[in-house]
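Participant: The structure that follows is given in the form of structure tokens.
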Amino acid sequence: MGVERDRVGGARWYVALLVRVTALVLTAVVVHIAGVAAWDDHVLGLRGEPDQGTVVAVRHTPPGRADRALVDTARFGGSAWVTTPRKDLRSGEVVEVIVDPRDPARAELAGDGWPWRQIVIPLTGLPLIAVFLWRWGRWRDSEPATDPAAEGDEPVRGGAT
């Protein structure tokens with residue numbers, strides 16, 4: 001008798017497929033978040049112009065996390081949500097901003113530096129996704145496969161008498 005294996009379409013197969021699709025989607029989301037932050041920083045470095053902005057609203061977060069602030073730019077007439085490590089922003093405060101003149105919604109506070117929180121922190125999720133995929137995304141046979149030819153009777157030893 002042969003070793004019975006899990007069939008394609010069995011419960012294990014569906015779990016492995018679901019884990020693989022989830023890992024693929026999570027990887028795409030993480031790379032997208034980090035890529036957008038890196039692209040925005042790159043574009044602002046190339047064509048960003050300094051401007052004065054007024055803080056309209058601030059979303060404060062716990063210590064160690066970046067705050068979000070809605071800044072209304074004076075010269076470009078737009079407003080943008082900026083992510084900043086600064087914790088001292090208040091509504092009505094005037095701040096220096098770097099604004100993309102082609103897209104005033106792309107802005108950052110002057111002096112904030114490279115947005116490592118928006119790039120590096122999401123990318124640290126990639127090893128976790130890999131472990132998730134390695135642990136639950138493999139479709140394993142329930143038992144190791146054996147050679148069907150070896151399952152027959154033992155060969156006859158010795159010669160005819």
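The chains in the structure tokens are called A, B, ... from first to last as shown; in each chain the residues are counted from 1, and the ligands are counted from 1 in the order shown.
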DSSP says strand (DSSP E) for which residues of range 52-87 of chain A? Put them as a PDB file with all heavy atoms, in the first residue's frame?
Facilitator:
```
ATOM      1  N   GLN A  52       6.244  79.228   4.512  1.00  0.00           N
ATOM      2  CA  GLN A  52       5.677  79.351   5.855  1.00  0.00           C
ATOM      3  C   GLN A  52       4.349  78.598   5.875  1.00  0.00           C
ATOM      4  O   GLN A  52       3.597  78.641   4.903  1.00  0.00           O
ATOM      5  CB  GLN A  52       5.407  80.821   6.194  1.00  0.00           C
ATOM      6  CG  GLN A  52       6.638  81.679   6.302  1.00  0.00           C
ATOM      7  CD  GLN A  52       7.355  81.441   7.610  1.00  0.00           C
ATOM      8  OE1 GLN A  52       6.742  81.235   8.638  1.00  0.00           O
ATOM      9  NE2 GLN A  52       8.674  81.461   7.560  1.00  0.00           N
ATOM     10  N   GLY A  53       4.088  77.926   6.955  1.00  0.00           N
ATOM     11  CA  GLY A  53       2.833  77.209   7.098  1.00  0.00           C
ATOM     12  C   GLY A  53       2.247  77.422   8.469  1.00  0.00           C
ATOM     13  O   GLY A  53       2.957  77.688   9.434  1.00  0.00           O
ATOM     14  N   THR A  54       0.937  77.329   8.531  1.00  0.00           N
ATOM     15  CA  THR A  54       0.235  77.451   9.803  1.00  0.00           C
ATOM     16  C   THR A  54      -0.332  76.095  10.174  1.00  0.00           C
ATOM     17  O   THR A  54      -1.013  75.451   9.361  1.00  0.00           O
ATOM     18  CB  THR A  54      -0.918  78.471   9.688  1.00  0.00           C
ATOM     19  OG1 THR A  54      -0.383  79.702   9.222  1.00  0.00           O
ATOM     20  CG2 THR A  54      -1.590  78.668  11.029  1.00  0.00           C
ATOM     21  N   VAL A  55      -0.050  75.656  11.386  1.00  0.00           N
ATOM     22  CA  VAL A  55      -0.567  74.377  11.859  1.00  0.00           C
ATOM     23  C   VAL A  55      -2.065  74.543  12.130  1.00  0.00           C
ATOM     24  O   VAL A  55      -2.475  75.390  12.920  1.00  0.00           O
ATOM     25  CB  VAL A  55       0.171  73.916  13.129  1.00  0.00           C
ATOM     26  CG1 VAL A  55      -0.419  72.624  13.653  1.00  0.00           C
ATOM     27  CG2 VAL A  55       1.651  73.760  12.856  1.00  0.00           C
ATOM     28  N   VAL A  56      -2.872  73.747  11.443  1.00  0.00           N
ATOM     29  CA  VAL A  56      -4.323  73.811  11.593  1.00  0.00           C
ATOM     30  C   VAL A  56      -4.792  72.815  12.646  1.00  0.00           C
ATOM     31  O   VAL A  56      -5.640  73.134  13.479  1.00  0.00           O
ATOM     32  CB  VAL A  56      -5.020  73.540  10.241  1.00  0.00           C
ATOM     33  CG1 VAL A  56      -6.520  73.541  10.389  1.00  0.00           C
ATOM     34  CG2 VAL A  56      -4.572  74.554   9.194  1.00  0.00           C
ATOM     35  N   ALA A  57      -4.239  71.614  12.610  1.00  0.00           N
ATOM     36  CA  ALA A  57      -4.638  70.570  13.560  1.00  0.00           C
ATOM     37  C   ALA A  57      -3.451  69.652  13.806  1.00  0.00           C
ATOM     38  O   ALA A  57      -2.583  69.505  12.949  1.00  0.00           O
ATOM     39  CB  ALA A  57      -5.806  69.772  13.007  1.00  0.00           C
ATOM     40  N   VAL A  58      -3.431  69.028  14.971  1.00  0.00           N
ATOM     41  CA  VAL A  58      -2.357  68.103  15.324  1.00  0.00           C
ATOM     42  C   VAL A  58      -2.976  66.845  15.917  1.00  0.00           C
ATOM     43  O   VAL A  58      -3.859  66.919  16.771  1.00  0.00           O
ATOM     44  CB  VAL A  58      -1.376  68.727  16.348  1.00  0.00           C
ATOM     45  CG1 VAL A  58      -0.283  67.742  16.710  1.00  0.00           C
ATOM     46  CG2 VAL A  58      -0.789  70.008  15.826  1.00  0.00           C
ATOM     47  N   ARG A  59      -2.507  65.700  15.450  1.00  0.00           N
ATOM     48  CA  ARG A  59      -2.892  64.411  16.044  1.00  0.00           C
ATOM     49  C   ARG A  59      -1.703  63.930  16.853  1.00  0.00           C
ATOM     50  O   ARG A  59      -0.707  63.459  16.312  1.00  0.00           O
ATOM     51  CB  ARG A  59      -3.216  63.390  14.960  1.00  0.00           C
ATOM     52  CG  ARG A  59      -4.483  63.651  14.225  1.00  0.00           C
ATOM     53  CD  ARG A  59      -4.765  62.507  13.276  1.00  0.00           C
ATOM     54  NE  ARG A  59      -5.868  62.843  12.414  1.00  0.00           N
ATOM     55  CZ  ARG A  59      -6.112  62.262  11.256  1.00  0.00           C
ATOM     56  NH1 ARG A  59      -5.315  61.305  10.824  1.00  0.00           N
ATOM     57  NH2 ARG A  59      -7.140  62.626  10.538  1.00  0.00           N
ATOM     58  N   ASP A  67       4.001  62.313  15.325  1.00  0.00           N
ATOM     59  CA  ASP A  67       2.723  63.022  15.289  1.00  0.00           C
ATOM     60  C   ASP A  67       2.347  63.332  13.849  1.00  0.00           C
ATOM     61  O   ASP A  67       3.197  63.361  12.958  1.00  0.00           O
ATOM     62  CB  ASP A  67       2.805  64.344  16.067  1.00  0.00           C
ATOM     63  CG  ASP A  67       2.743  64.143  17.570  1.00  0.00           C
ATOM     64  OD1 ASP A  67       2.509  63.014  18.010  1.00  0.00           O
ATOM     65  OD2 ASP A  67       2.929  65.137  18.283  1.00  0.00           O
ATOM     66  N   ARG A  68       1.081  63.573  13.619  1.00  0.00           N
ATOM     67  CA  ARG A  68       0.586  64.028  12.316  1.00  0.00           C
ATOM     68  C   ARG A  68       0.031  65.426  12.513  1.00  0.00           C
ATOM     69  O   ARG A  68      -0.700  65.682  13.472  1.00  0.00           O
ATOM     70  CB  ARG A  68      -0.503  63.113  11.783  1.00  0.00           C
ATOM     71  CG  ARG A  68      -0.093  61.682  11.618  1.00  0.00           C
ATOM     72  CD  ARG A  68       0.319  61.278  10.251  1.00  0.00           C
ATOM     73  NE  ARG A  68      -0.738  61.521   9.290  1.00  0.00           N
ATOM     74  CZ  ARG A  68      -0.514  61.772   8.011  1.00  0.00           C
ATOM     75  NH1 ARG A  68       0.707  61.811   7.560  1.00  0.00           N
ATOM     76  NH2 ARG A  68      -1.487  61.968   7.182  1.00  0.00           N
ATOM     77  N   ALA A  69       0.373  66.333  11.600  1.00  0.00           N
ATOM     78  CA  ALA A  69      -0.102  67.705  11.703  1.00  0.00           C
ATOM     79  C   ALA A  69      -0.632  68.155  10.344  1.00  0.00           C
ATOM     80  O   ALA A  69      -0.029  67.880   9.313  1.00  0.00           O
ATOM     81  CB  ALA A  69       1.026  68.634  12.154  1.00  0.00           C
ATOM     82  N   LEU A  70      -1.763  68.840  10.365  1.00  0.00           N
ATOM     83  CA  LEU A  70      -2.318  69.435   9.156  1.00  0.00           C
ATOM     84  C   LEU A  70      -1.770  70.852   9.069  1.00  0.00           C
ATOM     85  O   LEU A  70      -1.996  71.677   9.960  1.00  0.00           O
ATOM     86  CB  LEU A  70      -3.844  69.455   9.199  1.00  0.00           C
ATOM     87  CG  LEU A  70      -4.542  70.055   7.978  1.00  0.00           C
ATOM     88  CD1 LEU A  70      -4.213  69.252   6.726  1.00  0.00           C
ATOM     89  CD2 LEU A  70      -6.042  70.108   8.205  1.00  0.00           C
ATOM     90  N   VAL A  71      -1.011  71.119   8.009  1.00  0.00           N
ATOM     91  CA  VAL A  71      -0.354  72.410   7.839  1.00  0.00           C
ATOM     92  C   VAL A  71      -0.931  73.090   6.601  1.00  0.00           C
ATOM     93  O   VAL A  71      -0.986  72.490   5.519  1.00  0.00           O
ATOM     94  CB  VAL A  71       1.168  72.233   7.690  1.00  0.00           C
ATOM     95  CG1 VAL A  71       1.854  73.563   7.468  1.00  0.00           C
ATOM     96  CG2 VAL A  71       1.744  71.534   8.909  1.00  0.00           C
ATOM     97  N   ASP A  72      -1.350  74.335   6.773  1.00  0.00           N
ATOM     98  CA  ASP A  72      -1.856  75.143   5.665  1.00  0.00           C
ATOM     99  C   ASP A  72      -0.702  76.000   5.162  1.00  0.00           C
ATOM    100  O   ASP A  72      -0.158  76.813   5.908  1.00  0.00           O
ATOM    101  CB  ASP A  72      -3.017  76.014   6.147  1.00  0.00           C
ATOM    102  CG  ASP A  72      -3.704  76.743   5.013  1.00  0.00           C
ATOM    103  OD1 ASP A  72      -3.564  76.307   3.863  1.00  0.00           O
ATOM    104  OD2 ASP A  72      -4.375  77.758   5.284  1.00  0.00           O
ATOM    105  N   THR A  73      -0.315  75.822   3.907  1.00  0.00           N
ATOM    106  CA  THR A  73       0.805  76.579   3.348  1.00  0.00           C
ATOM    107  C   THR A  73       0.321  77.907   2.805  1.00  0.00           C
ATOM    108  O   THR A  73      -0.744  77.992   2.198  1.00  0.00           O
ATOM    109  CB  THR A  73       1.510  75.783   2.238  1.00  0.00           C
ATOM    110  OG1 THR A  73       0.567  75.475   1.222  1.00  0.00           O
ATOM    111  CG2 THR A  73       2.101  74.509   2.798  1.00  0.00           C
ATOM    112  N   SER A  79      -3.180  72.615   1.706  1.00  0.00           N
ATOM    113  CA  SER A  79      -2.890  72.087   3.036  1.00  0.00           C
ATOM    114  C   SER A  79      -2.406  70.662   2.879  1.00  0.00           C
ATOM    115  O   SER A  79      -2.736  69.978   1.915  1.00  0.00           O
ATOM    116  CB  SER A  79      -4.121  72.157   3.940  1.00  0.00           C
ATOM    117  OG  SER A  79      -5.177  71.412   3.379  1.00  0.00           O
ATOM    118  N   ALA A  80      -1.599  70.228   3.827  1.00  0.00           N
ATOM    119  CA  ALA A  80      -1.004  68.899   3.750  1.00  0.00           C
ATOM    120  C   ALA A  80      -0.889  68.311   5.143  1.00  0.00           C
ATOM    121  O   ALA A  80      -0.600  69.021   6.103  1.00  0.00           O
ATOM    122  CB  ALA A  80       0.372  68.986   3.104  1.00  0.00           C
ATOM    123  N   TRP A  81      -1.100  67.015   5.227  1.00  0.00           N
ATOM    124  CA  TRP A  81      -0.815  66.280   6.452  1.00  0.00           C
ATOM    125  C   TRP A  81       0.656  65.917   6.426  1.00  0.00           C
ATOM    126  O   TRP A  81       1.135  65.315   5.468  1.00  0.00           O
ATOM    127  CB  TRP A  81      -1.656  65.012   6.545  1.00  0.00           C
ATOM    128  CG  TRP A  81      -3.048  65.254   6.997  1.00  0.00           C
ATOM    129  CD1 TRP A  81      -4.170  65.286   6.216  1.00  0.00           C
ATOM    130  CD2 TRP A  81      -3.491  65.493   8.336  1.00  0.00           C
ATOM    131  NE1 TRP A  81      -5.263  65.537   6.981  1.00  0.00           N
ATOM    132  CE2 TRP A  81      -4.883  65.663   8.292  1.00  0.00           C
ATOM    133  CE3 TRP A  81      -2.845  65.587   9.565  1.00  0.00           C
ATOM    134  CZ2 TRP A  81      -5.638  65.914   9.428  1.00  0.00           C
ATOM    135  CZ3 TRP A  81      -3.603  65.842  10.693  1.00  0.00           C
ATOM    136  CH2 TRP A  81      -4.976  66.007  10.625  1.00  0.00           C
ATOM    137  N   VAL A  82       1.376  66.302   7.445  1.00  0.00           N
ATOM    138  CA  VAL A  82       2.792  65.968   7.544  1.00  0.00           C
ATOM    139  C   VAL A  82       3.015  65.086   8.765  1.00  0.00           C
ATOM    140  O   VAL A  82       2.329  65.225   9.778  1.00  0.00           O
ATOM    141  CB  VAL A  82       3.689  67.228   7.623  1.00  0.00           C
ATOM    142  CG1 VAL A  82       3.579  68.031   6.349  1.00  0.00           C
ATOM    143  CG2 VAL A  82       3.358  68.082   8.813  1.00  0.00           C
ATOM    144  N   THR A  83       3.954  64.174   8.642  1.00  0.00           N
ATOM    145  CA  THR A  83       4.334  63.314   9.754  1.00  0.00           C
ATOM    146  C   THR A  83       5.631  63.864  10.308  1.00  0.00           C
ATOM    147  O   THR A  83       6.581  64.091   9.567  1.00  0.00           O
ATOM    148  CB  THR A  83       4.519  61.870   9.272  1.00  0.00           C
ATOM    149  OG1 THR A  83       3.306  61.445   8.652  1.00  0.00           O
ATOM    150  CG2 THR A  83       4.840  60.943  10.421  1.00  0.00           C
ATOM    151  N   THR A  84       5.671  64.080  11.613  1.00  0.00           N
ATOM    152  CA  THR A  84       6.835  64.710  12.220  1.00  0.00           C
ATOM    153  C   THR A  84       7.133  64.102  13.583  1.00  0.00           C
ATOM    154  O   THR A  84       6.209  63.733  14.314  1.00  0.00           O
ATOM    155  CB  THR A  84       6.618  66.236  12.366  1.00  0.00           C
ATOM    156  OG1 THR A  84       7.764  66.812  12.976  1.00  0.00           O
ATOM    157  CG2 THR A  84       5.388  66.557  13.176  1.00  0.00           C
TER     158      THR A  84
END
```
Participant: If we count only C-alpha atoms and set the cut-off at 10 Å, which residues sit around range 112-117 of chain A, ignoring sequence neighbours fewer than 4 positions away in its own chain? Please answer as number ranges by chain.
Facilitator: A: 34, 37-38, 40-42, 64-66, 83-86, 97, 108, 121-123
Participant: Between A:Val120, A:Arg12, A:Arg138, A:Phe132, single out the one closest to Ile33 in chain A, counting only C-alpha atoms.
Facilitator: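 Closest residue, counting only C-alpha atoms: A:Val120.
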Participant: Can you pull out the residues contacting Leu126 in chain A? Cut-off 9 Å, using only C-alpha atoms, and skip same-chain residues under 3 positions away; I want them as JSON, numbers by chain.
Facilitator: {"A": [26, 27, 30, 31, 122, 123, 129, 130, 131]}
Participant: Name all residues at most 8 Å from Pro101 in chain A (count only C-alpha atoms; drop same-chain ones fewer than 4 positions away) and give them as a ChimeraX atom specification.
Facilitator: /A:47-49,76
Participant: So that I have them on file, write out the residues from the current selection with N, CA, C and O atoms, as a PDB file, in the first residue's frame.
Facilitator:
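Heads up, here's the output in part30.pdb:
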```pdb
ATOM      1  N   ARG A  47      12.576  69.021  -5.833  1.00  0.00           N
ATOM      2  CA  ARG A  47      11.842  70.213  -6.260  1.00  0.00           C
ATOM      3  C   ARG A  47      11.089  70.928  -5.153  1.00  0.00           C
ATOM      4  O   ARG A  47      10.285  71.821  -5.419  1.00  0.00           O
ATOM      5  N   GLY A  48      11.331  70.555  -3.907  1.00  0.00           N
ATOM      6  CA  GLY A  48      10.654  71.213  -2.799  1.00  0.00           C
ATOM      7  C   GLY A  48      11.143  72.640  -2.596  1.00  0.00           C
ATOM      8  O   GLY A  48      12.313  72.945  -2.797  1.00  0.00           O
ATOM      9  N   GLU A  49      10.223  73.509  -2.203  1.00  0.00           N
ATOM     10  CA  GLU A  49      10.563  74.909  -1.947  1.00  0.00           C
ATOM     11  C   GLU A  49      10.152  75.271  -0.529  1.00  0.00           C
ATOM     12  O   GLU A  49       9.104  74.842  -0.055  1.00  0.00           O
ATOM     13  N   PHE A  76       1.500  78.502  -1.482  1.00  0.00           N
ATOM     14  CA  PHE A  76       0.959  77.550  -2.450  1.00  0.00           C
ATOM     15  C   PHE A  76      -0.532  77.304  -2.265  1.00  0.00           C
ATOM     16  O   PHE A  76      -1.147  76.609  -3.060  1.00  0.00           O
TER      17      PHE A  76
END
```
Participant: What's the separation between CA of Val19 in chain A and CA of Pro127 in chain A, in Å to one decimal place?
Facilitator: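 So the answer is 14.9 Å.
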Participant: With only C-alpha atoms as the basis for distance, which of A:Arg90, A:Leu17, A:Ile119, A:Pro63 is at the shortest distance from His32 in chain A?
Facilitator: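 Counting only C-alpha atoms, the residue closest to His32 in chain A is A:Ile119.
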Participant: Would you mind telling me which residue in A:Lys87, A:Arg75, A:Arg20, A:Arg106 lies nearest to Trp136 in chain A when using only C-alpha atoms?
Facilitator: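 The closest residue to Trp136 in chain A is A:Arg20.
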